[in-house]
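The file run36.pdb comes next; it holds PDB, C-alpha atoms, pLDDT in the B column.
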ATOM      1  CA  MET C   1       0.000   0.000   0.000  1.00 48.00           C
ATOM      2  CA  THR C   2       1.165   3.551  -0.729  1.00 49.00           C
ATOM      3  CA  THR C   3       2.481   5.412   2.267  1.00 49.00           C
ATOM      4  CA  LYS C   4       3.025   9.095   2.867  1.00 47.00           C
ATOM      5  CA  SER C   5       6.775   8.745   2.592  1.00 44.00           C
ATOM      6  CA  GLU C   6       6.400   7.179  -0.875  1.00 49.00           C
ATOM      7  CA  GLU C   7       4.310  10.013  -2.274  1.00 51.00           C
ATOM      8  CA  SER C   8       5.523  13.409  -3.400  1.00 49.00           C
ATOM      9  CA  PRO C   9       3.486  16.301  -1.933  1.00 50.00           C
ATOM     10  CA  ALA C  10       2.275  17.317  -5.412  1.00 47.00           C
ATOM     11  CA  HIS C  11       1.189  13.795  -6.341  1.00 55.00           C
ATOM     12  CA  GLY C  12      -0.497  13.275  -2.998  1.00 60.00           C
ATOM     13  CA  GLN C  13      -2.432  16.526  -3.235  1.00 67.00           C
ATOM     14  CA  ASN C  14      -3.454  15.757  -6.806  1.00 91.00           C
ATOM     15  CA  MET C  15      -4.761  12.305  -5.884  1.00 94.00           C
ATOM     16  CA  GLU C  16      -6.566  13.654  -2.835  1.00 94.00           C
ATOM     17  CA  GLU C  17      -8.335  16.194  -5.066  1.00 94.00           C
ATOM     18  CA  LYS C  18      -9.168  13.505  -7.634  1.00 95.00           C
ATOM     19  CA  ILE C  19     -10.769  11.356  -4.939  1.00 96.00           C
ATOM     20  CA  LEU C  20     -12.765  14.329  -3.649  1.00 95.00           C
ATOM     21  CA  SER C  21     -13.970  15.221  -7.173  1.00 94.00           C
ATOM     22  CA  ALA C  22     -14.864  11.601  -7.928  1.00 96.00           C
ATOM     23  CA  ALA C  23     -16.791  11.320  -4.663  1.00 95.00           C
ATOM     24  CA  GLU C  24     -18.657  14.544  -5.419  1.00 91.00           C
ATOM     25  CA  ARG C  25     -19.772  13.306  -8.832  1.00 91.00           C
ATOM     26  CA  LEU C  26     -20.925   9.947  -7.488  1.00 93.00           C
ATOM     27  CA  PHE C  27     -22.598  11.294  -4.344  1.00 91.00           C
ATOM     28  CA  PHE C  28     -24.542  13.862  -6.351  1.00 87.00           C
ATOM     29  CA  ARG C  29     -25.510  11.303  -9.001  1.00 87.00           C
ATOM     30  CA  LYS C  30     -26.341   8.298  -6.807  1.00 89.00           C
ATOM     31  CA  GLY C  31     -26.634   9.571  -3.240  1.00 87.00           C
ATOM     32  CA  PHE C  32     -24.605   8.683  -0.170  1.00 89.00           C
ATOM     33  CA  SER C  33     -26.030   5.238   0.582  1.00 89.00           C
ATOM     34  CA  MET C  34     -25.794   3.990  -3.017  1.00 91.00           C
ATOM     35  CA  THR C  35     -22.165   5.040  -3.469  1.00 94.00           C
ATOM     36  CA  SER C  36     -19.323   2.802  -2.298  1.00 95.00           C
ATOM     37  CA  THR C  37     -15.676   3.637  -1.691  1.00 96.00           C
ATOM     38  CA  THR C  38     -14.850   1.004  -4.300  1.00 96.00           C
ATOM     39  CA  GLU C  39     -16.763   3.003  -6.917  1.00 97.00           C
ATOM     40  CA  ILE C  40     -15.110   6.216  -5.771  1.00 97.00           C
ATOM     41  CA  ALA C  41     -11.674   4.648  -6.113  1.00 97.00           C
ATOM     42  CA  ARG C  42     -12.518   3.382  -9.606  1.00 96.00           C
ATOM     43  CA  GLU C  43     -13.818   6.818 -10.626  1.00 96.00           C
ATOM     44  CA  ALA C  44     -10.698   8.513  -9.243  1.00 96.00           C
ATOM     45  CA  GLY C  45      -8.325   5.996 -10.850  1.00 95.00           C
ATOM     46  CA  CYS C  46      -6.774   4.693  -7.647  1.00 96.00           C
ATOM     47  CA  ASN C  47      -7.165   1.762  -5.285  1.00 95.00           C
ATOM     48  CA  GLN C  48      -9.635   1.666  -2.433  1.00 94.00           C
ATOM     49  CA  ALA C  49      -6.849   1.811   0.154  1.00 95.00           C
ATOM     50  CA  LEU C  50      -5.952   5.338  -0.977  1.00 95.00           C
ATOM     51  CA  VAL C  51      -9.525   6.512  -0.473  1.00 96.00           C
ATOM     52  CA  HIS C  52      -9.389   5.322   3.149  1.00 94.00           C
ATOM     53  CA  TYR C  53      -5.837   6.646   3.519  1.00 95.00           C
ATOM     54  CA  TYR C  54      -6.885  10.208   2.730  1.00 95.00           C
ATOM     55  CA  TYR C  55     -10.413  10.270   4.141  1.00 95.00           C
ATOM     56  CA  ARG C  56     -10.600   7.280   6.554  1.00 94.00           C
ATOM     57  CA  THR C  57     -14.325   6.585   6.053  1.00 93.00           C
ATOM     58  CA  LYS C  58     -17.038   7.241   3.507  1.00 93.00           C
ATOM     59  CA  GLU C  59     -18.766   9.448   6.083  1.00 91.00           C
ATOM     60  CA  LYS C  60     -15.688  11.691   6.432  1.00 91.00           C
ATOM     61  CA  LEU C  61     -15.380  11.883   2.648  1.00 93.00           C
ATOM     62  CA  PHE C  62     -19.039  12.875   2.455  1.00 90.00           C
ATOM     63  CA  GLN C  63     -18.419  15.614   5.015  1.00 87.00           C
ATOM     64  CA  ALA C  64     -15.472  16.882   2.975  1.00 89.00           C
ATOM     65  CA  VAL C  65     -17.561  17.039  -0.214  1.00 88.00           C
ATOM     66  CA  LEU C  66     -20.525  18.630   1.517  1.00 82.00           C
ATOM     67  CA  GLY C  67     -18.437  21.089   3.518  1.00 78.00           C
ATOM     68  CA  GLY C  68     -16.464  22.221   0.493  1.00 78.00           C
ATOM     69  CA  LYS C  69     -19.514  22.846  -1.685  1.00 75.00           C
ATOM     70  CA  VAL C  70     -21.708  24.486   0.917  1.00 71.00           C
ATOM     71  CA  LYS C  71     -18.983  26.664   2.422  1.00 70.00           C
ATOM     72  CA  ASN C  72     -17.630  27.784  -0.957  1.00 71.00           C
ATOM     73  CA  ALA C  73     -21.121  28.800  -2.019  1.00 67.00           C
ATOM     74  CA  PHE C  74     -21.717  30.592   1.260  1.00 66.00           C
ATOM     75  CA  ARG C  75     -18.479  32.570   1.002  1.00 66.00           C
ATOM     76  CA  GLN C  76     -19.859  34.165  -2.144  1.00 64.00           C
ATOM     77  CA  PHE C  77     -22.914  35.339  -0.218  1.00 62.00           C
ATOM     78  CA  ILE C  78     -20.877  37.210   2.377  1.00 60.00           C
ATOM     79  CA  SER C  79     -18.196  38.596   0.057  1.00 60.00           C
ATOM     80  CA  MET C  80     -17.448  42.315   0.259  1.00 49.00           C
ATOM     81  CA  GLU C  81     -18.847  42.802  -3.253  1.00 54.00           C
ATOM     82  CA  VAL C  82     -22.206  41.399  -2.199  1.00 60.00           C
ATOM     83  CA  MET C  83     -22.314  43.230   1.115  1.00 65.00           C
ATOM     84  CA  ASP C  84     -21.741  46.617  -0.552  1.00 75.00           C
ATOM     85  CA  GLY C  85     -24.702  48.793  -1.598  1.00 84.00           C
ATOM     86  CA  THR C  86     -28.264  49.454  -0.487  1.00 89.00           C
ATOM     87  CA  PHE C  87     -30.414  46.746   1.020  1.00 90.00           C
ATOM     88  CA  THR C  88     -32.282  46.246  -2.254  1.00 92.00           C
ATOM     89  CA  GLU C  89     -29.035  46.057  -4.242  1.00 90.00           C
ATOM     90  CA  LYS C  90     -27.643  43.481  -1.814  1.00 88.00           C
ATOM     91  CA  LEU C  91     -30.823  41.432  -1.991  1.00 92.00           C
ATOM     92  CA  VAL C  92     -30.786  41.367  -5.805  1.00 92.00           C
ATOM     93  CA  LYS C  93     -27.118  40.293  -5.788  1.00 87.00           C
ATOM     94  CA  LEU C  94     -27.811  37.573  -3.218  1.00 87.00           C
ATOM     95  CA  ILE C  95     -30.714  36.228  -5.276  1.00 91.00           C
ATOM     96  CA  GLY C  96     -28.506  36.185  -8.371  1.00 90.00           C
ATOM     97  CA  ILE C  97     -25.608  34.435  -6.641  1.00 86.00           C
ATOM     98  CA  HIS C  98     -27.917  31.832  -5.142  1.00 85.00           C
ATOM     99  CA  TYR C  99     -29.497  31.238  -8.559  1.00 90.00           C
ATOM    100  CA  ASP C 100     -26.102  30.917 -10.288  1.00 88.00           C
ATOM    101  CA  THR C 101     -24.821  28.554  -7.596  1.00 83.00           C
ATOM    102  CA  ILE C 102     -27.783  26.226  -8.039  1.00 83.00           C
ATOM    103  CA  ARG C 103     -27.578  26.398 -11.809  1.00 85.00           C
ATOM    104  CA  GLU C 104     -23.887  25.489 -11.801  1.00 82.00           C
ATOM    105  CA  ASN C 105     -24.560  22.684  -9.304  1.00 79.00           C
ATOM    106  CA  SER C 106     -28.086  21.591 -10.192  1.00 76.00           C
ATOM    107  CA  ASP C 107     -27.370  18.024  -9.047  1.00 77.00           C
ATOM    108  CA  MET C 108     -26.360  19.393  -5.655  1.00 77.00           C
ATOM    109  CA  ALA C 109     -29.813  20.878  -4.979  1.00 75.00           C
ATOM    110  CA  LEU C 110     -31.574  17.534  -5.377  1.00 77.00           C
ATOM    111  CA  PHE C 111     -28.784  15.779  -3.527  1.00 81.00           C
ATOM    112  CA  LEU C 112     -29.021  18.096  -0.514  1.00 80.00           C
ATOM    113  CA  ILE C 113     -32.801  17.794  -0.300  1.00 80.00           C
ATOM    114  CA  THR C 114     -32.721  14.005  -0.562  1.00 83.00           C
ATOM    115  CA  GLU C 115     -29.818  13.425   1.803  1.00 84.00           C
ATOM    116  CA  PHE C 116     -30.995  15.921   4.413  1.00 82.00           C
ATOM    117  CA  THR C 117     -34.395  14.218   4.472  1.00 84.00           C
ATOM    118  CA  ARG C 118     -32.792  10.795   4.901  1.00 83.00           C
ATOM    119  CA  ASN C 119     -30.110  11.678   7.412  1.00 81.00           C
ATOM    120  CA  PRO C 120     -30.118  15.245   8.789  1.00 82.00           C
ATOM    121  CA  GLY C 121     -27.463  14.302  11.343  1.00 81.00           C
ATOM    122  CA  MET C 122     -24.876  14.077   8.554  1.00 79.00           C
ATOM    123  CA  PHE C 123     -25.231  17.816   8.029  1.00 78.00           C
ATOM    124  CA  SER C 124     -24.729  18.911  11.638  1.00 79.00           C
ATOM    125  CA  ASN C 125     -21.039  19.831  11.442  1.00 77.00           C
ATOM    126  CA  VAL C 126     -21.371  21.715   8.171  1.00 75.00           C
ATOM    127  CA  LEU C 127     -24.433  23.633   9.349  1.00 74.00           C
ATOM    128  CA  ASP C 128     -22.672  24.602  12.578  1.00 78.00           C
ATOM    129  CA  GLU C 129     -19.707  25.946  10.597  1.00 73.00           C
ATOM    130  CA  VAL C 130     -21.989  27.892   8.247  1.00 71.00           C
ATOM    131  CA  ARG C 131     -23.869  29.389  11.198  1.00 72.00           C
ATOM    132  CA  ASN C 132     -20.597  30.485  12.782  1.00 74.00           C
ATOM    133  CA  ASP C 133     -19.338  32.021   9.535  1.00 67.00           C
ATOM    134  CA  ALA C 134     -22.693  33.665   8.871  1.00 66.00           C
ATOM    135  CA  GLY C 135     -22.949  35.408  12.217  1.00 65.00           C
ATOM    136  CA  ASP C 136     -21.836  38.943  11.336  1.00 73.00           C
ATOM    137  CA  ALA C 137     -23.251  38.980   7.802  1.00 74.00           C
ATOM    138  CA  PHE C 138     -26.624  37.681   8.963  1.00 79.00           C
ATOM    139  CA  THR C 139     -26.768  40.241  11.797  1.00 84.00           C
ATOM    140  CA  ILE C 140     -25.993  43.108   9.406  1.00 83.00           C
ATOM    141  CA  PHE C 141     -28.517  41.970   6.820  1.00 86.00           C
ATOM    142  CA  LYS C 142     -31.201  41.475   9.470  1.00 89.00           C
ATOM    143  CA  ARG C 143     -30.576  44.943  10.915  1.00 91.00           C
ATOM    144  CA  GLU C 144     -30.806  46.538   7.478  1.00 92.00           C
ATOM    145  CA  LEU C 145     -34.036  44.662   6.772  1.00 94.00           C
ATOM    146  CA  GLU C 146     -35.515  45.983  10.015  1.00 96.00           C
ATOM    147  CA  GLU C 147     -34.380  49.519   9.114  1.00 96.00           C
ATOM    148  CA  GLU C 148     -36.110  49.251   5.741  1.00 96.00           C
ATOM    149  CA  ILE C 149     -39.294  48.080   7.451  1.00 97.00           C
ATOM    150  CA  SER C 150     -39.130  50.894  10.036  1.00 97.00           C
ATOM    151  CA  ALA C 151     -38.666  53.451   7.247  1.00 96.00           C
ATOM    152  CA  GLY C 152     -41.754  52.099   5.491  1.00 96.00           C
ATOM    153  CA  ARG C 153     -39.885  51.157   2.339  1.00 95.00           C
ATOM    154  CA  ILE C 154     -40.831  47.485   2.568  1.00 96.00           C
ATOM    155  CA  ARG C 155     -43.597  45.570   4.332  1.00 96.00           C
ATOM    156  CA  PRO C 156     -42.966  43.791   7.640  1.00 97.00           C
ATOM    157  CA  ILE C 157     -41.360  40.386   7.080  1.00 97.00           C
ATOM    158  CA  ALA C 158     -39.064  38.170   9.143  1.00 95.00           C
ATOM    159  CA  ILE C 159     -35.645  37.596   7.622  1.00 91.00           C
ATOM    160  CA  GLU C 160     -36.209  33.838   7.863  1.00 89.00           C
ATOM    161  CA  ASP C 161     -39.323  34.196   5.684  1.00 95.00           C
ATOM    162  CA  LEU C 162     -37.448  36.312   3.159  1.00 94.00           C
ATOM    163  CA  ILE C 163     -34.625  33.785   2.878  1.00 88.00           C
ATOM    164  CA  LEU C 164     -37.092  30.912   2.580  1.00 89.00           C
ATOM    165  CA  ASN C 165     -38.921  32.715  -0.238  1.00 93.00           C
ATOM    166  CA  VAL C 166     -35.706  33.225  -2.205  1.00 91.00           C
ATOM    167  CA  VAL C 167     -34.453  29.684  -1.690  1.00 86.00           C
ATOM    168  CA  SER C 168     -37.832  28.147  -2.551  1.00 89.00           C
ATOM    169  CA  LEU C 169     -38.222  30.093  -5.801  1.00 91.00           C
ATOM    170  CA  ASN C 170     -34.700  29.410  -7.033  1.00 88.00           C
ATOM    171  CA  VAL C 171     -34.467  25.752  -6.037  1.00 86.00           C
ATOM    172  CA  PHE C 172     -37.920  24.740  -7.251  1.00 85.00           C
ATOM    173  CA  LEU C 173     -37.124  26.066 -10.719  1.00 80.00           C
ATOM    174  CA  PHE C 174     -34.305  23.560 -11.184  1.00 81.00           C
ATOM    175  CA  ILE C 175     -36.176  20.694  -9.550  1.00 80.00           C
ATOM    176  CA  VAL C 176     -39.043  20.957 -12.049  1.00 80.00           C
ATOM    177  CA  LYS C 177     -36.861  21.831 -15.049  1.00 77.00           C
ATOM    178  CA  PRO C 178     -36.622  18.263 -16.470  1.00 75.00           C
ATOM    179  CA  VAL C 179     -40.328  17.601 -15.883  1.00 79.00           C
ATOM    180  CA  PHE C 180     -41.366  20.923 -17.364  1.00 76.00           C
ATOM    181  CA  GLY C 181     -39.390  20.272 -20.536  1.00 73.00           C
ATOM    182  CA  ARG C 182     -41.069  16.903 -21.085  1.00 78.00           C
ATOM    183  CA  ILE C 183     -44.626  17.921 -20.193  1.00 80.00           C
ATOM    184  CA  TRP C 184     -44.649  21.008 -22.405  1.00 76.00           C
ATOM    185  CA  ASN C 185     -42.410  19.481 -25.078  1.00 80.00           C
ATOM    186  CA  VAL C 186     -39.957  22.370 -24.794  1.00 77.00           C
ATOM    187  CA  GLY C 187     -36.642  22.003 -26.628  1.00 79.00           C
ATOM    188  CA  ASP C 188     -33.303  22.423 -24.883  1.00 77.00           C
ATOM    189  CA  GLU C 189     -32.585  25.879 -26.336  1.00 81.00           C
ATOM    190  CA  GLU C 190     -36.039  27.182 -25.525  1.00 82.00           C
ATOM    191  CA  LEU C 191     -35.839  25.732 -22.029  1.00 80.00           C
ATOM    192  CA  GLU C 192     -32.434  27.347 -21.450  1.00 80.00           C
ATOM    193  CA  ALA C 193     -33.785  30.715 -22.600  1.00 82.00           C
ATOM    194  CA  LEU C 194     -36.675  30.351 -20.177  1.00 81.00           C
ATOM    195  CA  ILE C 195     -34.339  29.423 -17.330  1.00 81.00           C
ATOM    196  CA  ASN C 196     -32.084  32.408 -18.100  1.00 82.00           C
ATOM    197  CA  LYS C 197     -35.033  34.775 -17.914  1.00 84.00           C
ATOM    198  CA  LYS C 198     -36.177  33.366 -14.584  1.00 86.00           C
ATOM    199  CA  LYS C 199     -33.110  34.756 -12.823  1.00 86.00           C
ATOM    200  CA  SER C 200     -34.393  38.321 -13.185  1.00 91.00           C
ATOM    201  CA  ASP C 201     -38.015  37.187 -12.783  1.00 93.00           C
ATOM    202  CA  VAL C 202     -37.273  35.759  -9.326  1.00 93.00           C
ATOM    203  CA  ALA C 203     -35.575  38.995  -8.237  1.00 94.00           C
ATOM    204  CA  ASP C 204     -38.503  41.080  -9.529  1.00 95.00           C
ATOM    205  CA  PHE C 205     -41.025  38.795  -7.835  1.00 95.00           C
ATOM    206  CA  VAL C 206     -39.257  38.993  -4.473  1.00 96.00           C
ATOM    207  CA  LEU C 207     -38.866  42.787  -4.654  1.00 96.00           C
ATOM    208  CA  ASN C 208     -42.527  43.233  -5.614  1.00 97.00           C
ATOM    209  CA  SER C 209     -43.581  41.007  -2.729  1.00 96.00           C
ATOM    210  CA  LEU C 210     -41.766  43.332  -0.318  1.00 97.00           C
ATOM    211  CA  ARG C 211     -43.592  46.476  -1.340  1.00 94.00           C
ATOM    212  CA  PRO C 212     -45.569  48.034   1.529  1.00 92.00           C
TER     213      PRO C 212
END
Rendering of file as structure tokens:
Amino acid sequence: MTTKSEESPAHGQNMEEKILSAAERLFFRKGFSMTSTTEIAREAGCNQALVHYYYRTKEKLFQAVLGGKVKNAFRQFISMEVMDGTFTEKLVKLIGIHYDTIRENSDMALFLITEFTRNPGMFSNVLDEVRNDAGDAFTIFKRELEEEISAGRIRPIAIEDLILNVVSLNVFLFIVKPVFGRIWNVGDEELEALINKKKSDVADFVLNSLRP
């Protein structure tokens, strides 16, 4: 079996990344329970021992995949670029980033819904980390929302409700996309054009729903 001393740092890092990418593809395609470390090793082009060498267990590998995806997406939400501007400008940017993230990782949306329903405990560590990272950004955004409500520029709404509205609208679009295309016999190009338009439609819908 390969040992640390036998691997160059560059080769080891490359293989570790290959295993992580292979696991991501398989987890998103088949789910956690239906994916084996043997399949992950085959997909990554290594032996099963290396999968356990780098990640110990399938559960730890799952956490690495989940943590990387969720935290990378969340970092975009709290970037300085997003947090700059008026409340409305920030909200529109957040809706757009969330939409783009789901579109680029459409398999991830279904995967997260399915896996969280089956085993919410698997998400505990990642959710705790996201909550810790979100602290300041969430507090600022909540305060600005309350200021907008106090000034009469938007109707009273809890920040949790606002976030749920955005997430629901964006995620549902990609969940029904395959079904919609088949039911209405919409071609790929036409469906893509419709999906592209929905990005601005969701932002407009949310902003209109906030009017006093």
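Straight-line separation from CA of Phe205 in chain C to CA of Ile157 in chain C: 15.0 Å.
Closest approach to Phe116 in chain C among C:Asn170, C:Thr38, C:Ile95, C:Leu66 is made by C:Leu66 (distances from only C-alpha atoms).
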Centre and edge lengths of an axis-aligned box around all listed atoms of range 109-117 of chain C, with 6 Å added on each side, are to be given in Å to one decimal, as JSON.
{"center_x": -31.6, "center_y": 17.2, "center_z": -0.5, "size_x": 17.6, "size_y": 19.5, "size_z": 21.8}
I'd like the contact shell of Asp100 in chain C - 12 Å cut-off, all atoms listed in the file, skipping same-chain residues fewer than 2 positions apart - returned as an NGL selection string.
:C and (73 or 76-77 or 93-98 or 102-106 or 109 or 170-171 or 174 or 195-196 or 198-200)
Go ahead and save the picked residues with C-alpha atoms, as a JSON list (two decimals), in the frame of the given file.
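The result, written out as again17.json:
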[["chain", "number", "residue", "atom", "x", "y", "z"],
["C", 73, "ALA", "CA", -21.12, 28.80, -2.02],
["C", 76, "GLN", "CA", -19.86, 34.16, -2.14],
["C", 77, "PHE", "CA", -22.91, 35.34, -0.22],
["C", 93, "LYS", "CA", -27.12, 40.29, -5.79],
["C", 94, "LEU", "CA", -27.81, 37.57, -3.22],
["C", 95, "ILE", "CA", -30.71, 36.23, -5.28],
["C", 96, "GLY", "CA", -28.51, 36.18, -8.37],
["C", 97, "ILE", "CA", -25.61, 34.44, -6.64],
["C", 98, "HIS", "CA", -27.92, 31.83, -5.14],
["C", 102, "ILE", "CA", -27.78, 26.23, -8.04],
["C", 103, "ARG", "CA", -27.58, 26.40, -11.81],
["C", 104, "GLU", "CA", -23.89, 25.49, -11.80],
["C", 105, "ASN", "CA", -24.56, 22.68, -9.30],
["C", 106, "SER", "CA", -28.09, 21.59, -10.19],
["C", 109, "ALA", "CA", -29.81, 20.88, -4.98],
["C", 170, "ASN", "CA", -34.70, 29.41, -7.03],
["C", 171, "VAL", "CA", -34.47, 25.75, -6.04],
["C", 174, "PHE", "CA", -34.30, 23.56, -11.18],
["C", 195, "ILE", "CA", -34.34, 29.42, -17.33],
["C", 196, "ASN", "CA", -32.08, 32.41, -18.10],
["C", 198, "LYS", "CA", -36.18, 33.37, -14.58],
["C", 199, "LYS", "CA", -33.11, 34.76, -12.82],
["C", 200, "SER", "CA", -34.39, 38.32, -13.18]]
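With only C-alpha atoms as the atoms that count, the residue of C:Leu207, C:Val126, C:Leu145, C:Ile140 with the shortest distance to Val166 in chain C is C:Leu207.
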> Hey, can you check how far CA of Glu129 in chain C sits from CA of Thr117 in chain C?
Replying inline: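 About the pair CA of Glu129 in chain C and CA of Thr117 in chain C: they are 19.8 Å apart.
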Handout entry: Expansion of the PyMOL selection byres ((chain C and resi 65) around 10) into residues, as a list in words
Key =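 Output of the PyMOL selection byres ((chain C and resi 65) around 10): Leu20, Ser21, Ala22, Ala23, Glu24, Arg25, Phe27, Phe28, Glu59, Lys60, Leu61, Phe62, Gln63, Ala64, Leu66, Gly67, Gly68, Lys69 and Val70 of chain C.
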Go ahead and save the residues from that selection, with C-alpha atoms, as a tab-separated table (two decimals), in the frame of the given file.
chain	number	residue	atom	x	y	z
C	20	LEU	CA	-12.76	14.33	-3.65
C	21	SER	CA	-13.97	15.22	-7.17
C	22	ALA	CA	-14.86	11.60	-7.93
C	23	ALA	CA	-16.79	11.32	-4.66
C	24	GLU	CA	-18.66	14.54	-5.42
C	25	ARG	CA	-19.77	13.31	-8.83
C	27	PHE	CA	-22.60	11.29	-4.34
C	28	PHE	CA	-24.54	13.86	-6.35
C	59	GLU	CA	-18.77	9.45	6.08
C	60	LYS	CA	-15.69	11.69	6.43
C	61	LEU	CA	-15.38	11.88	2.65
C	62	PHE	CA	-19.04	12.88	2.46
C	63	GLN	CA	-18.42	15.61	5.01
C	64	ALA	CA	-15.47	16.88	2.98
C	66	LEU	CA	-20.52	18.63	1.52
C	67	GLY	CA	-18.44	21.09	3.52
C	68	GLY	CA	-16.46	22.22	0.49
C	69	LYS	CA	-19.51	22.85	-1.68
C	70	VAL	CA	-21.71	24.49	0.92
Requested in this report: Rank nothing, just name the residue among C:Lys197, C:Arg211, C:Arg118, C:Lys177 nearest to Gly152 in chain C, using all atoms listed in the file.
Outcome: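 Going through C:Lys197, C:Arg211, C:Arg118, C:Lys177 one by one, the smallest distance to Gly152 in chain C is for C:Arg211.
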In Å and to one decimal, CA of Thr86 in chain C is distant from CA of Glu160 in chain C by 19.4 Å
Quick one: everything within 7 Å of range 47-53 of chain C, counting all atoms listed in the file, minus sequence neighbours fewer than 5 positions away in the same chain. Send it as a ChimeraX atom specification. /C:19,37-38,41
For a cutoff of 9 Å around the file-coordinate point (-38.0, 38.8, -6.3), which residues qualify once you count all atoms listed in the file? I'd like the result as an NGL selection string. :C and (91-92 or 95 or 165-166 or 169 or 200-210)
